[in-house]
$ cat run.tsv   # TSV, C-alpha atoms
chain	number	residue	atom	x	y	z
A	1	MET	CA	0.00	0.00	0.00
A	2	GLU	CA	1.38	3.42	-0.95
A	3	LEU	CA	2.06	5.98	1.73
A	4	GLN	CA	-0.28	8.56	0.26
A	5	SER	CA	-3.28	6.28	0.83
A	6	ASP	CA	-2.82	6.46	4.61
A	7	LYS	CA	-5.18	9.29	5.53
A	8	THR	CA	-4.10	9.34	9.19
A	9	ASN	CA	-0.36	9.61	8.51
A	10	LEU	CA	-0.22	12.50	6.08
A	11	THR	CA	3.17	13.75	7.26
A	12	GLU	CA	4.72	10.54	5.87
A	13	SER	CA	2.83	10.70	2.55
A	14	LYS	CA	4.26	11.66	-0.82
A	15	GLY	CA	3.64	15.29	-1.71
A	16	LYS	CA	2.90	17.18	-4.90
A	17	TYR	CA	6.51	17.18	-6.11
A	18	SER	CA	8.34	13.87	-6.48
A	19	ASN	CA	11.21	14.80	-8.80
A	20	LEU	CA	13.10	17.17	-6.51
A	21	ASP	CA	16.52	15.92	-7.57
A	22	ALA	CA	15.78	16.96	-11.15
A	23	MET	CA	14.64	20.51	-10.31
A	24	SER	CA	16.70	23.69	-10.49
A	25	ILE	CA	17.39	25.86	-7.45
A	26	THR	CA	14.79	28.37	-8.63
A	27	GLU	CA	12.21	25.63	-9.19
A	28	LEU	CA	12.89	24.16	-5.76
A	29	ALA	CA	12.58	27.53	-4.03
A	30	ASN	CA	9.31	28.30	-5.85
A	31	ALA	CA	7.87	24.87	-5.07
A	32	MET	CA	8.81	25.03	-1.39
A	33	HIS	CA	7.27	28.47	-1.08
A	34	GLU	CA	4.10	27.21	-2.75
A	35	VAL	CA	3.56	24.26	-0.41
A	36	ASP	CA	4.41	26.35	2.65
A	37	HIS	CA	1.09	28.14	2.12
A	38	ASP	CA	-0.50	25.01	3.62
A	39	VAL	CA	0.88	25.97	7.02
A	40	LEU	CA	-1.20	29.07	7.72
A	41	LYS	CA	-4.37	27.28	6.66
A	42	ALA	CA	-3.58	24.43	9.05
A	43	VAL	CA	-2.88	26.76	11.98
A	44	GLU	CA	-6.12	28.64	11.25
A	45	LEU	CA	-8.12	25.42	11.57
A	46	ALA	CA	-6.33	24.55	14.82
A	47	LYS	CA	-7.02	28.00	16.29
A	48	PRO	CA	-10.33	27.29	18.12
A	49	ASN	CA	-8.79	24.55	20.27
A	50	THR	CA	-5.65	26.64	20.71
A	51	ILE	CA	-7.74	29.51	22.10
A	52	GLU	CA	-9.57	27.21	24.53
A	53	PHE	CA	-6.29	25.67	25.67
A	54	ILE	CA	-4.78	29.11	26.31
A	55	ARG	CA	-7.85	30.18	28.28
A	56	GLU	CA	-7.50	27.21	30.62
A	57	LEU	CA	-3.73	27.64	30.80
A	58	VAL	CA	-3.95	31.29	31.90
A	59	SER	CA	-6.19	30.31	34.80
A	60	ARG	CA	-3.83	27.59	35.96
A	61	ILE	CA	-0.71	29.77	35.69
A	62	HIS	CA	-2.52	32.40	37.80
A	63	LEU	CA	-2.86	29.70	40.47
A	64	GLY	CA	0.86	28.96	40.46
A	65	GLY	CA	1.00	26.33	37.76
A	66	ARG	CA	3.68	25.82	35.16
A	67	LEU	CA	3.64	24.82	31.50
A	68	PHE	CA	5.67	21.82	30.41
A	69	TYR	CA	6.47	21.03	26.79
A	70	LEU	CA	7.45	17.46	26.02
A	71	GLY	CA	8.52	16.03	22.67
A	72	ALA	CA	11.14	14.17	20.69
A	73	GLY	CA	13.37	15.24	17.81
A	74	THR	CA	12.30	18.44	16.04
A	75	SER	CA	9.14	18.66	18.16
A	76	GLY	CA	11.14	18.47	21.36
A	77	ARG	CA	13.65	21.05	20.13
A	78	LEU	CA	10.88	23.50	19.27
A	79	GLY	CA	9.44	23.15	22.76
A	80	VAL	CA	12.83	23.74	24.36
A	81	LEU	CA	13.37	26.78	22.11
A	82	ASP	CA	10.06	28.39	23.03
A	83	ALA	CA	10.53	27.70	26.74
A	84	SER	CA	14.06	29.12	26.74
A	85	GLU	CA	12.96	32.37	25.07
A	86	CYS	CA	10.20	33.22	27.56
A	87	PRO	CA	12.34	34.39	30.54
A	88	PRO	CA	14.39	36.98	28.60
A	89	THR	CA	11.40	38.13	26.54
A	90	PHE	CA	8.85	38.46	29.32
A	91	GLY	CA	11.01	38.72	32.43
A	92	ILE	CA	9.49	35.62	34.02
A	93	GLU	CA	11.34	33.33	36.39
A	94	GLN	CA	13.17	30.29	35.06
A	95	GLY	CA	11.05	27.18	35.38
A	96	LYS	CA	7.67	28.74	34.67
A	97	ILE	CA	7.82	27.27	31.14
A	98	VAL	CA	9.85	24.07	30.85
A	99	GLY	CA	10.90	22.25	27.67
A	100	ILE	CA	11.75	18.55	27.90
A	101	ILE	CA	13.17	16.53	25.00
A	102	ALA	CA	13.44	12.76	24.72
A	103	GLY	CA	17.03	11.74	25.35
A	104	GLY	CA	17.81	14.73	27.57
A	105	ASP	CA	19.39	18.08	26.77
A	106	GLY	CA	22.12	16.47	24.70
A	107	ALA	CA	19.44	15.52	22.16
A	108	ILE	CA	18.93	19.20	21.38
A	109	ARG	CA	22.12	19.11	19.32
A	110	ILE	CA	22.65	15.43	18.53
A	111	ALA	CA	19.80	12.99	17.89
A	112	VAL	CA	19.44	10.23	20.49
A	113	GLU	CA	18.20	7.24	18.52
A	114	GLY	CA	15.30	5.32	20.03
A	115	ALA	CA	14.67	7.77	22.87
A	116	GLU	CA	11.17	8.52	21.62
A	117	ASP	CA	10.10	4.87	21.68
A	118	ASP	CA	9.98	4.48	25.48
A	119	SER	CA	6.37	5.10	26.57
A	120	ALA	CA	7.32	5.30	30.27
A	121	GLN	CA	10.30	7.66	30.06
A	122	GLY	CA	8.37	10.88	29.41
A	123	TRP	CA	6.51	10.65	32.69
A	124	LYS	CA	9.73	9.63	34.47
A	125	ASP	CA	11.44	12.75	33.11
A	126	LEU	CA	8.61	14.91	34.45
A	127	GLN	CA	9.11	13.53	37.96
A	128	ASN	CA	12.20	15.71	38.32
A	129	TYR	CA	9.95	18.78	38.61
A	130	GLN	CA	7.70	18.05	41.63
A	131	LEU	CA	4.50	18.45	39.67
A	132	ASN	CA	1.44	20.08	41.21
A	133	LYS	CA	-2.27	20.00	40.34
A	134	HIS	CA	-2.10	23.39	38.59
A	135	ASP	CA	0.60	22.34	36.12
A	136	THR	CA	-0.08	21.80	32.43
A	137	LEU	CA	1.56	19.36	30.02
A	138	LEU	CA	1.64	20.02	26.29
A	139	GLY	CA	2.80	17.06	24.24
A	140	ILE	CA	4.35	17.91	20.88
A	141	ALA	CA	4.51	15.25	18.16
A	142	SER	CA	3.95	15.95	14.48
A	143	SER	CA	3.08	12.31	13.84
A	144	GLY	CA	0.75	12.06	16.84
A	145	ARG	CA	2.08	8.61	17.63
A	146	THR	CA	5.31	9.14	19.59
A	147	PRO	CA	5.28	6.71	22.58
A	148	TYR	CA	7.43	9.00	24.75
A	149	VAL	CA	4.82	11.74	24.46
A	150	ILE	CA	1.67	9.60	24.54
A	151	GLY	CA	2.71	7.78	27.69
A	152	ALA	CA	3.44	11.06	29.47
A	153	VAL	CA	0.16	12.80	28.61
A	154	LYS	CA	-1.89	9.73	29.54
A	155	GLU	CA	-0.35	9.61	32.99
A	156	ALA	CA	-0.50	13.39	33.43
A	157	LYS	CA	-4.22	13.38	32.66
A	158	LYS	CA	-4.76	10.61	35.22
A	159	GLN	CA	-2.92	12.72	37.79
A	160	GLY	CA	-5.18	15.74	37.22
A	161	LEU	CA	-2.91	17.93	35.09
A	162	LEU	CA	-4.34	19.90	32.18
A	163	THR	CA	-3.13	18.25	28.98
A	164	GLY	CA	-2.86	19.41	25.40
A	165	CYS	CA	-1.00	18.45	22.27
A	166	ILE	CA	0.20	19.83	18.97
A	167	THR	CA	0.14	17.32	16.14
A	168	CYS	CA	0.01	17.49	12.35
A	169	ASN	CA	-1.84	14.26	11.52
A	170	PRO	CA	-5.62	13.81	11.83
A	171	GLY	CA	-7.22	11.40	14.29
A	172	SER	CA	-3.99	10.48	16.06
A	173	GLN	CA	-3.68	8.47	19.25
A	174	LEU	CA	-2.04	11.46	20.94
A	175	ALA	CA	-5.01	13.72	20.16
A	176	LYS	CA	-7.36	11.18	21.75
A	177	GLU	CA	-5.44	11.20	25.04
A	178	VAL	CA	-5.51	14.94	25.86
A	179	HIS	CA	-8.02	17.58	26.94
A	180	PHE	CA	-7.16	19.93	24.07
A	181	ALA	CA	-5.81	18.66	20.76
A	182	MET	CA	-4.34	21.33	18.50
A	183	GLU	CA	-4.26	19.53	15.15
A	184	ALA	CA	-2.52	21.54	12.44
A	185	ILE	CA	-2.98	19.26	9.45
A	186	THR	CA	-0.19	20.46	7.19
A	187	GLY	CA	-0.31	17.51	4.79
A	188	PRO	CA	2.62	15.84	3.00
A	189	GLU	CA	6.04	17.39	3.42
A	190	PHE	CA	8.11	18.80	0.57
A	191	VAL	CA	10.73	16.16	1.36
A	192	THR	CA	8.67	13.11	2.30
A	193	GLY	CA	8.53	12.63	6.05
A	194	SER	CA	10.73	15.63	6.92
A	195	THR	CA	8.51	17.18	9.57
A	196	ARG	CA	11.07	19.87	10.39
A	197	LEU	CA	9.50	21.62	7.37
A	198	LYS	CA	5.76	22.40	7.24
A	199	ALA	CA	4.88	20.55	10.44
A	200	GLY	CA	7.73	22.22	12.29
A	201	THR	CA	6.69	25.66	11.07
A	202	ALA	CA	3.07	25.10	12.12
A	203	THR	CA	4.21	23.87	15.53
A	204	LYS	CA	6.37	26.97	16.04
A	205	LEU	CA	3.47	29.26	15.10
A	206	ILE	CA	1.16	27.61	17.63
A	207	LEU	CA	3.81	27.74	20.35
A	208	ASN	CA	4.31	31.45	19.57
A	209	MET	CA	0.57	31.97	19.97
A	210	ILE	CA	0.37	30.09	23.27
A	211	THR	CA	3.16	31.80	25.18
A	212	THR	CA	2.76	35.26	23.68
A	213	ILE	CA	-0.94	35.42	24.53
A	214	LEU	CA	-0.32	33.81	27.92
A	215	PHE	CA	2.15	36.47	29.00
A	216	ILE	CA	0.16	39.32	27.54
A	217	LYS	CA	-2.78	38.19	29.69
A	218	LEU	CA	-0.47	37.84	32.70
A	219	GLY	CA	0.53	41.50	32.35
A	220	HIS	CA	4.04	41.24	30.91
A	221	VAL	CA	3.21	43.37	27.86
A	222	GLU	CA	1.93	46.96	27.92
A	223	GLY	CA	0.56	48.26	24.64
A	224	SER	CA	2.74	46.18	22.35
A	225	GLN	CA	5.92	46.56	24.40
A	226	MET	CA	7.62	43.77	26.36
A	227	VAL	CA	8.21	45.95	29.39
A	228	ASP	CA	9.60	43.13	31.55
A	229	MET	CA	12.26	41.92	29.11
A	230	LYS	CA	15.72	41.33	30.53
A	231	LEU	CA	18.35	43.90	29.55
A	232	SER	CA	20.95	41.28	28.77
A	233	ASN	CA	22.80	42.91	25.86
A	234	LYS	CA	23.40	46.20	24.07
A	235	LYS	CA	20.60	45.65	21.54
A	236	LEU	CA	18.03	45.09	24.30
A	237	ILE	CA	19.24	48.13	26.24
A	238	GLU	CA	18.73	50.20	23.10
A	239	ARG	CA	15.27	48.72	22.63
A	240	GLY	CA	14.43	49.41	26.27
A	241	THR	CA	15.68	52.98	25.95
A	242	LYS	CA	13.34	53.53	23.01
A	243	MET	CA	10.42	52.18	25.06
A	244	VAL	CA	11.22	54.54	27.91
A	245	GLN	CA	11.49	57.46	25.47
A	246	ASP	CA	8.13	56.63	23.92
A	247	SER	CA	6.44	56.48	27.32
A	248	THR	CA	8.09	59.47	29.00
A	249	GLY	CA	9.11	61.96	26.30
A	250	LEU	CA	12.69	61.98	27.61
A	251	ASN	CA	15.57	62.31	25.18
A	252	ASP	CA	17.83	59.38	24.38
A	253	LEU	CA	20.46	60.06	27.05
A	254	GLU	CA	17.93	60.75	29.79
A	255	ALA	CA	15.88	57.66	28.94
A	256	LYS	CA	18.95	55.42	28.90
A	257	ALA	CA	20.19	56.78	32.23
A	258	LEU	CA	16.79	56.17	33.81
A	259	LEU	CA	16.64	52.66	32.38
A	260	LEU	CA	20.09	51.73	33.67
A	261	LYS	CA	19.23	53.15	37.08
A	262	HIS	CA	16.12	50.97	37.42
A	263	HIS	CA	17.33	47.94	35.36
A	264	SER	CA	13.79	47.51	34.01
A	265	VAL	CA	11.64	49.24	31.42
A	266	ARG	CA	8.58	48.92	33.63
A	267	ASP	CA	10.36	50.29	36.71
A	268	ALA	CA	11.98	53.11	34.73
A	269	ILE	CA	8.60	54.29	33.48
A	270	LEU	CA	7.07	53.99	36.95
A	271	GLY	CA	10.02	55.86	38.41
A	272	PHE	CA	9.50	58.69	35.94
A	273	LYS	CA	5.79	58.91	36.70
A	274	ASN	CA	6.36	58.89	40.46
A	275	ARG	CA	8.86	61.76	40.39
A	276	LYS	CA	6.53	64.10	38.53

$ encode --input "run.tsv" --output "structure tokens"
Amino acid sequence: MELQSDKTNLTESKGKYSNLDAMSITELANAMHEVDHDVLKAVELAKPNTIEFIRELVSRIHLGGRLFYLGAGTSGRLGVLDASECPPTFGIEQGKIVGIIAGGDGAIRIAVEGAEDDSAQGWKDLQNYQLNKHDTLLGIASSGRTPYVIGAVKEAKKQGLLTGCITCNPGSQLAKEVHFAMEAITGPEFVTGSTRLKAGTATKLILNMITTILFIKLGHVEGSQMVDMKLSNKKLIERGTKMVQDSTGLNDLEAKALLLKHHSVRDAILGFKNRK
């Protein structure tokens, strides 16, 4: 039976273009760009469940919960990436968003073969974090059939955690095991089975939506400015200075001096308002 006849495993199916090795660079670029249009359509269809998941997540984070991402391979790396970017972007404490990848942190750079096939290891890895009833687990698996992820969400749901998943195949086992299934059905990949492509892009867009909206609703963004970002390099100090200028009317030197005094965009603006 040909792969494209499997309607539940679309990410492994043959796509529109099957003669890639005979195409020119221009043809390849045009074809990739064409099929990438599938991604936004898929994320759009996944949006209702994404919104409901975020609504529940905000409530649980307000109560002291945390968000855990768990995945293998590209899916795991995308979760780790999103989790690692939240503290500097939104000024939150380390550990509020946690990314876990099958095979441990070393698998971020070098694939750990077979790590995703252990259905018990995902839950074991979560035990290092002293889980509480307000925590949330989001399983990430483009295929929707990764044992490492499925085993973890099944046990998490039993233990009373909120569970969700991001997957790119319809009707997957993973989607059946969670409270909120965010299914971005991106279809066959440009290179057959390479889910770092369309599926990976869709996953990143949904992760962006989840954490950005979460921290806006938790008060870490004012207007459109990330007022709690960490001033960890020259570029971010310059960005923070511009934010202070926009909010206070101070010139560049005055705004930068105020920012460096308070070490925070939010505190610099408050300090300015309080001295008036």

$ residues_around --input "run.tsv" --residues "Val244 (chain A)" --least-positions-apart "5" --cutoff "9 Å" --atoms "all atoms listed in the file" --output "count of residues only"
12

$ residues_around --input "run.tsv" --residues "Asp118 (chain A)" --least-positions-apart "6" --cutoff "10 Å" --atoms "only C-alpha atoms" --output "ChimeraX atom specification"
/A:102,146-151

$ residues_near_point --input "run.tsv" --point "(10.3, 14.8, 24.3)" --cutoff "6 Å" --atoms "all atoms listed in the file" --output "VMD selection string"
chain A and resid 70 to 72 76 100 to 102

$ closest_residue --input "run.tsv" --among "A:Gly65, A:Gly79, A:Gly95, A:Pro48" --to "Asn208 (chain A)" --atoms "only C-alpha atoms"
A:Gly79

$ atom_distance --input "run.tsv" --atom1 "CA of Thr136 (chain A)" --atom2 "CA of Leu57 (chain A)"
7.1 Å

$ residues_around --input "run.tsv" --residues "Ala115 (chain A)" --least-positions-apart "2" --cutoff "6 Å" --atoms "all atoms listed in the file" --output "PDB file with C-alpha atoms, keeping the file's coordinate frame"
ATOM      1  CA  ALA A 102      13.440  12.760  24.720  1.00  0.00           C
ATOM      2  CA  GLY A 103      17.030  11.740  25.350  1.00  0.00           C
ATOM      3  CA  VAL A 112      19.440  10.230  20.490  1.00  0.00           C
ATOM      4  CA  GLU A 113      18.200   7.240  18.520  1.00  0.00           C
ATOM      5  CA  ASP A 117      10.100   4.870  21.680  1.00  0.00           C
TER       6      ASP A 117
END

$ axis_aligned_box --input "run.tsv" --around "region 96-114 of chain A" --padding-each-side "6 Å" --output "JSON"
{"center_x": 15.2, "center_y": 17.0, "center_z": 26.3, "size_x": 27.0, "size_y": 35.4, "size_z": 28.8}

$ atom_distance --input "run.tsv" --atom1 "CA of Leu137 (chain A)" --atom2 "CA of Ala199 (chain A)"
19.9 Å

$ residues_around --input "run.tsv" --residues "Gln173 (chain A)" --least-positions-apart "2" --cutoff "8 Å" --atoms "only C-alpha atoms" --output "ChimeraX atom specification"
/A:144-145,150,171,175-177

$ closest_residue --input "run.tsv" --among "A:Pro87, A:Gly73, A:Gly139, A:Pro170" --to "Arg109 (chain A)" --atoms "all atoms listed in the file"
A:Gly73
